[in-house]
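S.K.: The structure follows.
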2 protein chains.
Amino acid sequence: MPALLIGSNVDGKPNFMTAAWCGIANSNPPMLTVAVQHHRHTYKGIKESGVFSVNIPSSDQVKETDYCGVISGAKEDKTAVCGFKVYYGHLLAAPLIEECPVNLECKVMHILNLGSHALVIGEIKETHVSEDCMTEGEPDVHKIKPIAFSVGLNKEYYGLGDVLATAFSVGMEMKKRPTHS
Amino acid sequence: MPALLIGSNVDGKPNFMTAAWCGIANSNPPMLTVAVQHHRHTYKGIKESGVFSVNIPSSDQVKETDYCGVISGAKEDKTAVCGFKVYYGHLLAAPLIEECPVNLECKVMHILNLGSHALVIGEIKETHVSEDCMTEGEPDVHKIKPIAFSVGLNKEYYGLGDVLATAFSVGMEMKKRPTHS
């Protein structure tokens with residue numbers, strides 16, 4: 001799963017938590033999901049303001065990403081410790097991390113209490129991509145260098161690996177193979 | 001995002017579609033989300049049976065993974081073309097791909113119509129991991145070799161890259177750094 005930094009303003013101050021239990025929920029309009037434990041400081045801000053941010057850190061920010069996942073904003077000013085420059089966009093109250101190559105501004109559409117976690121479904125109202133992570137007017141994942149996270153035996157962060165194949169293309173080779181039965 | 005093969009029985013026959021718009025929704029009980037376009041053949045089976053499978057393909061199965069994303073099961077028997085051996089587990093009607101290192105059996109808990117996609121929230125009722133992808137009794141992501149997918153400029157599949165850091169550990173180094181202000 002991708003390791004992401006979720007941001008909200010709590011009592012007027014920006015706070016960020018790391019989340020990997022996220023997903024894309026809809027294409028039109030664009031929406032995503034974030035699963036958040038109920039006691040999280042960031043979740044308090046999401047409920048209060050009705051908006052939040054999703055910031056995609058790059059591989060260079062793996063320390064900051066891990067730190068925001070283990071420390072609570074109720075105890076430490078994570079923005080200050082990480083030295084994040086925070087800016088605001090169209091939604092006004094969703095804090096965005098300037099150092100992260102991609103920032104999404106999200107408006108809460110639904111919250112489902114599923115048990116240990118609340119599933120927050122947010123509509124992506126605005127997307128900001130660093131100029132130096134764009135190629136031919138499109139976000140370039142090779143420049144963004146996102147972080148993957150896995151549990152199981154290996155609780156580790158990974159970079160993106162080798163290109164295996166081009167999507168919507170390599171699969172057509174299957175049609176040329178004899179059908180198994 | 002991870003590239004996954006979502007399975008359901010449609011009119012009694014196993015069918016699979018590729019999905020990357022997925023996420024983990026809850027830890028206890030374990031739940032996940034899959035965003036599916038309403039017209040999808042697999043979605044028909046999910047609605048009919050109330051169960052589905054999530055199969056994690058390995059990097060070796062990138063052709064099959066792409067194929068299941070571009071071809072509709074209404075037109076071709078994807079299971080036959082891919083040569084998938086299908087088995088069933090506790091939920092009886094969620095078809096599982098034996099060749100995939102990880103198979104999850106899911107029961108539909110909620111379906112939200114968000115626009116272009118239906119967001120299916122499923123509880124993971126059973127998890128199957130290939131013996132040769134386990135290390136010390138835990139699923140080992142280095143043996144599973146999952147596939148990542150990205151849109152934007154590069155519509156490609158990727159393997160998992162280098163280990164960047166150990167999670168819940170490397171972030172503690174931030175605390176030793178002087179606080180920015």
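Lettering and numbering for the structure tokens are positional, with chains as A, B, ... in the shown order, residues counted from 1 in each chain, and ligands counted from 1 in the shown order.
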According to DSSP computed on the backbone, where in chain B is there alpha helix (DSSP H)? Give the residues as a PDB file with N, CA and C atoms, in the first residue's frame.

M.R.:
```
ATOM      1  N   HIS B  41     -18.720  -6.959 -15.463  1.00  0.00           N
ATOM      2  CA  HIS B  41     -19.258  -8.305 -15.385  1.00  0.00           C
ATOM      3  C   HIS B  41     -19.024  -8.895 -13.975  1.00  0.00           C
ATOM      4  N   THR B  42     -17.852  -8.666 -13.431  1.00  0.00           N
ATOM      5  CA  THR B  42     -17.529  -9.165 -12.084  1.00  0.00           C
ATOM      6  C   THR B  42     -18.453  -8.551 -11.036  1.00  0.00           C
ATOM      7  N   TYR B  43     -18.816  -7.291 -11.228  1.00  0.00           N
ATOM      8  CA  TYR B  43     -19.690  -6.605 -10.273  1.00  0.00           C
ATOM      9  C   TYR B  43     -21.071  -7.258 -10.233  1.00  0.00           C
ATOM     10  N   LYS B  44     -21.517  -7.720 -11.392  1.00  0.00           N
ATOM     11  CA  LYS B  44     -22.783  -8.444 -11.466  1.00  0.00           C
ATOM     12  C   LYS B  44     -22.746  -9.638 -10.504  1.00  0.00           C
ATOM     13  N   GLY B  45     -21.647 -10.381 -10.556  1.00  0.00           N
ATOM     14  CA  GLY B  45     -21.487 -11.545  -9.681  1.00  0.00           C
ATOM     15  C   GLY B  45     -21.375 -11.172  -8.213  1.00  0.00           C
ATOM     16  N   ILE B  46     -20.730 -10.051  -7.924  1.00  0.00           N
ATOM     17  CA  ILE B  46     -20.596  -9.592  -6.534  1.00  0.00           C
ATOM     18  C   ILE B  46     -21.980  -9.291  -5.960  1.00  0.00           C
ATOM     19  N   LYS B  47     -22.793  -8.599  -6.754  1.00  0.00           N
ATOM     20  CA  LYS B  47     -24.147  -8.249  -6.288  1.00  0.00           C
ATOM     21  C   LYS B  47     -25.015  -9.497  -6.141  1.00  0.00           C
ATOM     22  N   GLU B  48     -24.896 -10.421  -7.071  1.00  0.00           N
ATOM     23  CA  GLU B  48     -25.701 -11.643  -7.051  1.00  0.00           C
ATOM     24  C   GLU B  48     -25.389 -12.533  -5.857  1.00  0.00           C
ATOM     25  N   SER B  49     -24.074 -12.709  -5.599  1.00  0.00           N
ATOM     26  CA  SER B  49     -23.667 -13.698  -4.594  1.00  0.00           C
ATOM     27  C   SER B  49     -23.379 -13.093  -3.228  1.00  0.00           C
ATOM     28  N   VAL B  62       2.078 -10.607 -14.631  1.00  0.00           N
ATOM     29  CA  VAL B  62       1.700  -9.266 -15.071  1.00  0.00           C
ATOM     30  C   VAL B  62       0.875  -9.301 -16.371  1.00  0.00           C
ATOM     31  N   LYS B  63       1.167 -10.257 -17.248  1.00  0.00           N
ATOM     32  CA  LYS B  63       0.390 -10.362 -18.481  1.00  0.00           C
ATOM     33  C   LYS B  63      -1.071 -10.714 -18.186  1.00  0.00           C
ATOM     34  N   GLU B  64      -1.257 -11.729 -17.344  1.00  0.00           N
ATOM     35  CA  GLU B  64      -2.607 -12.147 -16.971  1.00  0.00           C
ATOM     36  C   GLU B  64      -3.336 -11.000 -16.264  1.00  0.00           C
ATOM     37  N   THR B  65      -2.600 -10.279 -15.424  1.00  0.00           N
ATOM     38  CA  THR B  65      -3.193  -9.170 -14.668  1.00  0.00           C
ATOM     39  C   THR B  65      -3.684  -8.083 -15.618  1.00  0.00           C
ATOM     40  N   ASP B  66      -2.880  -7.750 -16.588  1.00  0.00           N
ATOM     41  CA  ASP B  66      -3.278  -6.711 -17.534  1.00  0.00           C
ATOM     42  C   ASP B  66      -4.444  -7.194 -18.403  1.00  0.00           C
ATOM     43  N   TYR B  67      -4.352  -8.422 -18.834  1.00  0.00           N
ATOM     44  CA  TYR B  67      -5.419  -8.995 -19.675  1.00  0.00           C
ATOM     45  C   TYR B  67      -6.780  -8.927 -18.975  1.00  0.00           C
ATOM     46  N   CYS B  68      -6.806  -9.287 -17.698  1.00  0.00           N
ATOM     47  CA  CYS B  68      -8.080  -9.285 -16.952  1.00  0.00           C
ATOM     48  C   CYS B  68      -8.620  -7.874 -16.732  1.00  0.00           C
ATOM     49  N   GLY B  69      -7.803  -6.867 -17.013  1.00  0.00           N
ATOM     50  CA  GLY B  69      -8.233  -5.485 -16.876  1.00  0.00           C
ATOM     51  C   GLY B  69      -8.758  -4.894 -18.172  1.00  0.00           C
ATOM     52  N   VAL B  70      -8.388  -5.485 -19.293  1.00  0.00           N
ATOM     53  CA  VAL B  70      -8.787  -4.886 -20.577  1.00  0.00           C
ATOM     54  C   VAL B  70      -9.913  -5.647 -21.282  1.00  0.00           C
ATOM     55  N   LYS B  78     -12.103 -15.508 -19.304  1.00  0.00           N
ATOM     56  CA  LYS B  78     -10.763 -15.091 -18.891  1.00  0.00           C
ATOM     57  C   LYS B  78     -10.052 -16.173 -18.090  1.00  0.00           C
ATOM     58  N   THR B  79     -10.821 -16.932 -17.320  1.00  0.00           N
ATOM     59  CA  THR B  79     -10.237 -18.007 -16.513  1.00  0.00           C
ATOM     60  C   THR B  79      -9.556 -19.028 -17.421  1.00  0.00           C
ATOM     61  N   ALA B  80     -10.215 -19.364 -18.527  1.00  0.00           N
ATOM     62  CA  ALA B  80      -9.651 -20.332 -19.470  1.00  0.00           C
ATOM     63  C   ALA B  80      -8.447 -19.751 -20.204  1.00  0.00           C
ATOM     64  N   VAL B  81      -8.585 -18.515 -20.690  1.00  0.00           N
ATOM     65  CA  VAL B  81      -7.479 -17.895 -21.440  1.00  0.00           C
ATOM     66  C   VAL B  81      -6.233 -17.798 -20.568  1.00  0.00           C
ATOM     67  N   CYS B  82      -6.411 -17.437 -19.279  1.00  0.00           N
ATOM     68  CA  CYS B  82      -5.266 -17.287 -18.377  1.00  0.00           C
ATOM     69  C   CYS B  82      -4.794 -18.632 -17.818  1.00  0.00           C
ATOM     70  N   VAL B 141       6.533 -10.406   1.849  1.00  0.00           N
ATOM     71  CA  VAL B 141       6.288  -9.607   0.647  1.00  0.00           C
ATOM     72  C   VAL B 141       7.398  -9.772  -0.399  1.00  0.00           C
ATOM     73  N   HIS B 142       8.588 -10.131   0.071  1.00  0.00           N
ATOM     74  CA  HIS B 142       9.691 -10.352  -0.879  1.00  0.00           C
ATOM     75  C   HIS B 142       9.475 -11.620  -1.702  1.00  0.00           C
ATOM     76  N   LYS B 143       8.708 -12.545  -1.161  1.00  0.00           N
ATOM     77  CA  LYS B 143       8.384 -13.766  -1.913  1.00  0.00           C
ATOM     78  C   LYS B 143       7.071 -13.613  -2.693  1.00  0.00           C
ATOM     79  N   ILE B 144       6.164 -12.834  -2.158  1.00  0.00           N
ATOM     80  CA  ILE B 144       4.878 -12.598  -2.844  1.00  0.00           C
ATOM     81  C   ILE B 144       5.106 -11.793  -4.125  1.00  0.00           C
TER      82      ILE B 144
END
```

S.K.: From a backbone DSSP assignment, name each residue in region 1-177 of chain A labelled strand (DSSP E or B), as a CSV table (one decimal) with N, CA, C and O atoms, in the first residue's frame.

M.R.:
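Saved the output as states07.csv:
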```
chain,number,residue,atom,x,y,z
A,2,PRO,N,0.4,2.4,-0.5
A,2,PRO,CA,1.1,3.6,-0.5
A,2,PRO,C,1.2,4.2,0.8
A,2,PRO,O,0.2,4.2,1.6
A,4,LEU,N,1.1,7.5,2.9
A,4,LEU,CA,0.6,8.8,2.7
A,4,LEU,C,0.6,9.7,4.0
A,4,LEU,O,0.5,9.1,5.1
A,5,LEU,N,0.7,11.0,3.8
A,5,LEU,CA,0.6,11.8,5.0
A,5,LEU,C,-0.8,12.6,5.0
A,5,LEU,O,-1.0,13.3,4.0
A,6,ILE,N,-1.6,12.2,5.9
A,6,ILE,CA,-3.0,12.8,6.0
A,6,ILE,C,-2.9,14.0,6.9
A,6,ILE,O,-2.4,13.9,8.0
A,7,GLY,N,-3.5,15.2,6.4
A,7,GLY,CA,-3.4,16.4,7.2
A,7,GLY,C,-4.8,17.0,7.5
A,7,GLY,O,-5.7,16.9,6.8
A,8,SER,N,-4.8,17.6,8.7
A,8,SER,CA,-6.0,18.3,9.1
A,8,SER,C,-5.6,19.4,10.1
A,8,SER,O,-4.6,19.3,10.7
A,9,ASN,N,-6.4,20.4,10.2
A,9,ASN,CA,-6.2,21.4,11.3
A,9,ASN,C,-6.9,21.0,12.5
A,9,ASN,O,-8.1,20.7,12.5
A,10,VAL,N,-6.2,20.9,13.6
A,10,VAL,CA,-6.8,20.5,14.9
A,10,VAL,C,-6.6,21.7,15.8
A,10,VAL,O,-5.5,22.2,16.1
A,13,LYS,N,-4.4,24.3,14.4
A,13,LYS,CA,-3.0,24.0,14.1
A,13,LYS,C,-2.9,22.8,13.1
A,13,LYS,O,-3.6,21.8,13.3
A,14,PRO,N,-2.0,22.9,12.1
A,14,PRO,CA,-1.9,21.8,11.2
A,14,PRO,C,-1.3,20.5,11.8
A,14,PRO,O,-0.3,20.6,12.6
A,15,ASN,N,-1.9,19.4,11.6
A,15,ASN,CA,-1.3,18.1,12.1
A,15,ASN,C,-1.4,17.1,11.0
A,15,ASN,O,-2.2,17.1,10.1
A,16,PHE,N,-0.4,16.2,11.0
A,16,PHE,CA,-0.3,15.1,10.0
A,16,PHE,C,-0.1,13.7,10.6
A,16,PHE,O,0.6,13.6,11.6
A,17,MET,N,-0.8,12.8,10.0
A,17,MET,CA,-0.6,11.4,10.4
A,17,MET,C,-0.3,10.6,9.1
A,17,MET,O,-0.7,10.9,8.0
A,18,THR,N,0.5,9.5,9.3
A,18,THR,CA,0.8,8.6,8.2
A,18,THR,C,-0.3,7.6,8.1
A,18,THR,O,-0.8,7.1,9.1
A,19,ALA,N,-0.7,7.3,6.9
A,19,ALA,CA,-1.7,6.3,6.7
A,19,ALA,C,-1.4,5.5,5.4
A,19,ALA,O,-0.9,6.1,4.4
A,22,CYS,N,-5.4,3.3,2.7
A,22,CYS,CA,-6.1,4.2,1.9
A,22,CYS,C,-6.4,3.6,0.5
A,22,CYS,O,-5.9,2.5,0.2
A,23,GLY,N,-7.3,4.2,-0.2
A,23,GLY,CA,-7.6,3.6,-1.6
A,23,GLY,C,-8.3,4.7,-2.4
A,23,GLY,O,-8.8,5.7,-1.9
A,24,ILE,N,-8.3,4.4,-3.7
A,24,ILE,CA,-9.1,5.3,-4.6
A,24,ILE,C,-10.5,4.7,-4.6
A,24,ILE,O,-10.7,3.5,-4.7
A,25,ALA,N,-11.5,5.6,-4.5
A,25,ALA,CA,-12.9,5.1,-4.3
A,25,ALA,C,-13.8,5.4,-5.5
A,25,ALA,O,-14.8,4.7,-5.7
A,26,ASN,N,-13.4,6.3,-6.3
A,26,ASN,CA,-14.3,6.7,-7.4
A,26,ASN,C,-13.4,7.6,-8.4
A,26,ASN,O,-12.5,8.2,-8.0
A,31,MET,N,-12.6,10.4,-5.9
A,31,MET,CA,-12.8,10.3,-4.4
A,31,MET,C,-11.8,9.2,-3.9
A,31,MET,O,-11.3,8.4,-4.7
A,32,LEU,N,-11.4,9.3,-2.7
A,32,LEU,CA,-10.5,8.3,-2.1
A,32,LEU,C,-11.0,8.0,-0.7
A,32,LEU,O,-11.9,8.7,-0.1
A,33,THR,N,-10.4,6.9,-0.1
A,33,THR,CA,-10.8,6.5,1.2
A,33,THR,C,-9.5,6.6,2.1
A,33,THR,O,-8.4,6.3,1.6
A,34,VAL,N,-9.7,6.9,3.3
A,34,VAL,CA,-8.7,6.8,4.4
A,34,VAL,C,-9.3,6.2,5.6
A,34,VAL,O,-10.3,6.6,6.1
A,35,ALA,N,-8.7,5.1,6.0
A,35,ALA,CA,-9.1,4.4,7.3
A,35,ALA,C,-8.3,5.0,8.4
A,35,ALA,O,-7.1,5.0,8.4
A,36,VAL,N,-9.0,5.5,9.4
A,36,VAL,CA,-8.4,6.2,10.5
A,36,VAL,C,-8.9,5.7,11.9
A,36,VAL,O,-10.1,5.5,12.0
A,37,GLN,N,-8.0,5.4,12.8
A,37,GLN,CA,-8.4,4.9,14.1
A,37,GLN,C,-9.1,6.1,14.8
A,37,GLN,O,-8.7,7.3,14.7
A,51,VAL,N,-12.8,18.8,6.2
A,51,VAL,CA,-11.8,18.7,5.1
A,51,VAL,C,-10.5,18.1,5.6
A,51,VAL,O,-10.3,18.1,6.8
A,52,PHE,N,-9.7,17.6,4.7
A,52,PHE,CA,-8.4,17.1,5.0
A,52,PHE,C,-7.5,17.1,3.8
A,52,PHE,O,-8.0,17.3,2.6
A,53,SER,N,-6.3,16.8,4.0
A,53,SER,CA,-5.3,16.7,2.8
A,53,SER,C,-4.7,15.3,2.8
A,53,SER,O,-4.6,14.6,3.8
A,54,VAL,N,-4.3,15.0,1.6
A,54,VAL,CA,-3.5,13.7,1.4
A,54,VAL,C,-2.3,14.2,0.7
A,54,VAL,O,-2.3,14.8,-0.4
A,55,ASN,N,-1.1,14.0,1.3
A,55,ASN,CA,0.1,14.4,0.8
A,55,ASN,C,0.9,13.1,0.5
A,55,ASN,O,1.1,12.3,1.3
A,56,ILE,N,1.5,13.1,-0.7
A,56,ILE,CA,2.3,11.9,-1.2
A,56,ILE,C,3.7,12.2,-0.9
A,56,ILE,O,4.3,13.1,-1.6
A,86,VAL,N,3.9,24.6,5.5
A,86,VAL,CA,2.5,24.3,5.3
A,86,VAL,C,1.9,25.4,4.5
A,86,VAL,O,2.1,26.6,4.8
A,87,TYR,N,1.1,25.1,3.5
A,87,TYR,CA,0.3,26.1,2.8
A,87,TYR,C,-1.1,25.6,2.7
A,87,TYR,O,-1.4,24.5,2.9
A,96,LEU,N,-1.5,21.7,3.6
A,96,LEU,CA,-0.7,21.0,2.6
A,96,LEU,C,0.8,21.1,2.8
A,96,LEU,O,1.2,22.2,3.2
A,97,ILE,N,1.5,20.0,2.6
A,97,ILE,CA,2.9,20.0,2.9
A,97,ILE,C,3.7,20.4,1.6
A,97,ILE,O,3.7,19.6,0.6
A,102,VAL,N,3.2,15.7,-4.2
A,102,VAL,CA,1.7,15.8,-4.5
A,102,VAL,C,0.9,16.1,-3.3
A,102,VAL,O,1.1,15.5,-2.2
A,103,ASN,N,0.0,17.0,-3.4
A,103,ASN,CA,-1.0,17.4,-2.4
A,103,ASN,C,-2.4,17.3,-2.9
A,103,ASN,O,-2.6,18.0,-3.9
A,104,LEU,N,-3.2,16.6,-2.2
A,104,LEU,CA,-4.6,16.6,-2.6
A,104,LEU,C,-5.5,17.2,-1.5
A,104,LEU,O,-5.3,17.0,-0.3
A,105,GLU,N,-6.4,18.1,-1.9
A,105,GLU,CA,-7.3,18.7,-1.0
A,105,GLU,C,-8.6,18.0,-1.1
A,105,GLU,O,-9.2,17.8,-2.2
A,106,CYS,N,-9.1,17.5,0.1
A,106,CYS,CA,-10.3,16.6,0.1
A,106,CYS,C,-11.4,17.1,1.0
A,106,CYS,O,-11.1,17.7,2.1
A,107,LYS,N,-12.6,16.9,0.6
A,107,LYS,CA,-13.8,17.3,1.3
A,107,LYS,C,-14.5,16.0,1.8
A,107,LYS,O,-14.7,15.1,1.0
A,108,VAL,N,-14.8,15.9,3.1
A,108,VAL,CA,-15.4,14.7,3.6
A,108,VAL,C,-16.8,14.5,3.0
A,108,VAL,O,-17.6,15.4,3.0
A,109,MET,N,-17.1,13.3,2.4
A,109,MET,CA,-18.4,13.0,1.8
A,109,MET,C,-19.1,12.1,2.7
A,109,MET,O,-20.3,12.2,2.9
A,110,HIS,N,-18.4,11.0,3.2
A,110,HIS,CA,-19.0,10.0,4.1
A,110,HIS,C,-18.0,9.6,5.1
A,110,HIS,O,-16.8,9.6,4.8
A,111,ILE,N,-18.5,9.2,6.3
A,111,ILE,CA,-17.7,8.6,7.3
A,111,ILE,C,-18.4,7.3,7.8
A,111,ILE,O,-19.6,7.4,8.2
A,112,LEU,N,-17.8,6.2,7.6
A,112,LEU,CA,-18.4,4.9,8.1
A,112,LEU,C,-17.6,4.4,9.3
A,112,LEU,O,-16.4,4.3,9.2
A,113,ASN,N,-18.3,4.1,10.3
A,113,ASN,CA,-17.7,3.5,11.5
A,113,ASN,C,-17.7,2.0,11.2
A,113,ASN,O,-18.7,1.3,11.3
A,117,HIS,N,-11.6,1.2,12.9
A,117,HIS,CA,-11.3,2.4,12.1
A,117,HIS,C,-12.6,3.1,11.6
A,117,HIS,O,-13.6,2.4,11.5
A,118,ALA,N,-12.5,4.3,11.4
A,118,ALA,CA,-13.5,5.1,10.7
A,118,ALA,C,-13.0,5.2,9.2
A,118,ALA,O,-11.8,5.5,9.0
A,119,LEU,N,-13.9,4.8,8.3
A,119,LEU,CA,-13.5,5.0,6.9
A,119,LEU,C,-14.0,6.3,6.4
A,119,LEU,O,-15.2,6.6,6.3
A,120,VAL,N,-13.1,7.2,6.1
A,120,VAL,CA,-13.4,8.5,5.6
A,120,VAL,C,-13.3,8.5,4.1
A,120,VAL,O,-12.3,8.1,3.5
A,121,ILE,N,-14.4,8.9,3.5
A,121,ILE,CA,-14.5,9.0,2.0
A,121,ILE,C,-14.5,10.4,1.6
A,121,ILE,O,-15.4,11.2,2.1
A,122,GLY,N,-13.4,10.9,0.9
A,122,GLY,CA,-13.3,12.3,0.6
A,122,GLY,C,-13.3,12.5,-0.9
A,122,GLY,O,-12.7,11.7,-1.6
A,123,GLU,N,-13.9,13.6,-1.3
A,123,GLU,CA,-13.8,14.0,-2.7
A,123,GLU,C,-12.6,14.9,-2.9
A,123,GLU,O,-12.4,15.8,-2.1
A,124,ILE,N,-11.8,14.5,-3.9
A,124,ILE,CA,-10.6,15.3,-4.2
A,124,ILE,C,-11.0,16.6,-4.9
A,124,ILE,O,-11.5,16.5,-6.1
A,125,LYS,N,-10.9,17.7,-4.2
A,125,LYS,CA,-11.4,19.0,-4.8
A,125,LYS,C,-10.3,19.7,-5.6
A,125,LYS,O,-10.6,20.5,-6.5
A,126,GLU,N,-9.0,19.4,-5.2
A,126,GLU,CA,-7.9,20.1,-5.9
A,126,GLU,C,-6.7,19.2,-5.8
A,126,GLU,O,-6.5,18.6,-4.7
A,127,THR,N,-5.9,19.2,-6.8
A,127,THR,CA,-4.6,18.4,-6.8
A,127,THR,C,-3.5,19.4,-7.2
A,127,THR,O,-3.6,20.2,-8.1
A,128,HIS,N,-2.4,19.3,-6.3
A,128,HIS,CA,-1.2,20.1,-6.6
A,128,HIS,C,-0.1,19.2,-6.8
A,128,HIS,O,0.2,18.3,-6.0
A,129,VAL,N,0.7,19.4,-7.9
A,129,VAL,CA,1.8,18.5,-8.2
A,129,VAL,C,3.0,19.5,-8.4
A,129,VAL,O,2.9,20.5,-9.1
A,134,MET,N,6.5,16.9,-12.9
A,134,MET,CA,5.7,16.8,-14.1
A,134,MET,C,6.6,16.5,-15.3
A,134,MET,O,7.7,17.0,-15.4
A,135,THR,N,6.0,15.8,-16.3
A,135,THR,CA,6.6,15.5,-17.6
A,135,THR,C,5.5,15.7,-18.6
A,135,THR,O,4.5,15.0,-18.5
A,138,GLU,N,2.0,16.0,-17.3
A,138,GLU,CA,1.4,14.9,-16.5
A,138,GLU,C,2.2,14.6,-15.3
A,138,GLU,O,3.5,14.7,-15.4
A,139,PRO,N,1.6,14.2,-14.2
A,139,PRO,CA,2.4,13.8,-13.0
A,139,PRO,C,3.2,12.6,-13.4
A,139,PRO,O,2.7,11.7,-14.1
A,148,ALA,N,6.1,2.8,-0.8
A,148,ALA,CA,5.2,1.7,-0.6
A,148,ALA,C,5.4,1.1,0.8
A,148,ALA,O,6.6,1.2,1.3
A,149,PHE,N,4.4,0.6,1.5
A,149,PHE,CA,4.5,0.1,2.8
A,149,PHE,C,3.9,-1.3,2.9
A,149,PHE,O,2.9,-1.5,2.2
A,150,SER,N,4.5,-2.2,3.6
A,150,SER,CA,4.0,-3.5,3.7
A,150,SER,C,4.0,-4.0,5.2
A,150,SER,O,5.0,-3.7,5.9
A,156,GLU,N,8.2,-2.7,6.3
A,156,GLU,CA,9.2,-1.9,5.7
A,156,GLU,C,8.6,-0.9,4.7
A,156,GLU,O,7.5,-1.1,4.3
A,157,TYR,N,9.4,0.1,4.4
A,157,TYR,CA,9.0,1.0,3.3
A,157,TYR,C,9.9,0.6,2.1
A,157,TYR,O,11.1,0.3,2.2
A,158,TYR,N,9.3,0.8,0.9
A,158,TYR,CA,10.0,0.4,-0.3
A,158,TYR,C,9.8,1.5,-1.3
A,158,TYR,O,8.8,2.2,-1.3
A,159,GLY,N,10.8,1.6,-2.2
A,159,GLY,CA,10.6,2.5,-3.4
A,159,GLY,C,9.9,1.7,-4.4
A,159,GLY,O,9.6,0.6,-4.3
A,160,LEU,N,9.6,2.4,-5.5
A,160,LEU,CA,8.9,1.8,-6.7
A,160,LEU,C,10.0,1.0,-7.4
A,160,LEU,O,11.1,1.5,-7.5
A,161,GLY,N,9.7,-0.3,-7.8
A,161,GLY,CA,10.7,-1.1,-8.4
A,161,GLY,C,10.8,-0.9,-10.0
A,161,GLY,O,10.3,0.1,-10.5
A,162,ASP,N,11.4,-1.9,-10.6
A,162,ASP,CA,11.5,-1.9,-12.1
A,162,ASP,C,10.2,-1.9,-12.7
A,162,ASP,O,9.2,-2.4,-12.2
A,163,VAL,N,10.1,-1.3,-13.9
A,163,VAL,CA,8.9,-1.3,-14.8
A,163,VAL,C,8.8,-2.8,-15.3
A,163,VAL,O,9.7,-3.3,-15.8
A,164,LEU,N,7.6,-3.4,-15.0
A,164,LEU,CA,7.4,-4.8,-15.4
A,164,LEU,C,6.8,-4.8,-16.8
A,164,LEU,O,7.1,-5.7,-17.6
A,165,ALA,N,5.9,-3.9,-17.1
A,165,ALA,CA,5.2,-3.9,-18.4
A,165,ALA,C,4.4,-2.6,-18.5
A,165,ALA,O,4.1,-1.9,-17.5
A,166,THR,N,4.0,-2.3,-19.7
A,166,THR,CA,3.1,-1.2,-20.0
A,166,THR,C,1.6,-1.7,-19.8
A,166,THR,O,1.3,-2.7,-20.3
```

S.K.: To one decimal in Å, tell me the separation between CA of Glu99 (chain A) and CA of Pro57 (chain A).

M.R.: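 Atom-to-atom, CA of Glu99 (chain A) to CA of Pro57 (chain A), that is 7.9 Å.
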
S.K.: With only C-alpha atoms as the basis for distance, which of A:Gly89, A:Gly12, A:Gly73, A:Gly171 is at the shortest distance from chain B?

M.R.: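 The closest residue to chain B is A:Gly171.
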
S.K.: Counting only C-alpha atoms, which residue out of B:Pro95, B:Pro101, B:Gly137, B:Gly83 sits closest to chain A?

M.R.: B:Gly83

S.K.: Work out how far apart CA of Pro146 (chain A) and CA of Cys133 (chain A) are and give it in Å to one decimal.

M.R.: 11.2 Å

S.K.: Which value, in Å to one decimal, gives the distance between CA of Met1 (chain B) and CA of Ile147 (chain B)?

M.R.: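 These two atoms are separated by 8.5 Å.
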
S.K.: Check the smallest atom-to-atom distance from each of A:Asn28, A:His39, A:Asp77, A:Ser130 to chain B using only C-alpha atoms, then report the winner.

M.R.: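 Answer, going by the shortest atom-to-atom distance: A:Asn28.
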
S.K.: Out of B:Gly50, B:Cys100, B:Ala3, B:Pro29, which residue has the shortest atom-to-atom distance to chain A when counting only C-alpha atoms?

M.R.: B:Pro29

S.K.: Rank nothing, just name the residue among A:Leu114, A:Arg40, A:Ala94, A:Lys145 nearest to chain B, using only C-alpha atoms.

M.R.: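 Closest to chain B of all the choices is A:Leu114.
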
S.K.: Ranking B:Glu173, B:Ser72, B:Ala93, B:Gln61 by minimum distance to Asp11 (chain B) and counting only C-alpha atoms, which one comes first?

M.R.: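 Of B:Glu173, B:Ser72, B:Ala93, B:Gln61, the one nearest Asp11 (chain B), counting only C-alpha atoms, is B:Ala93.
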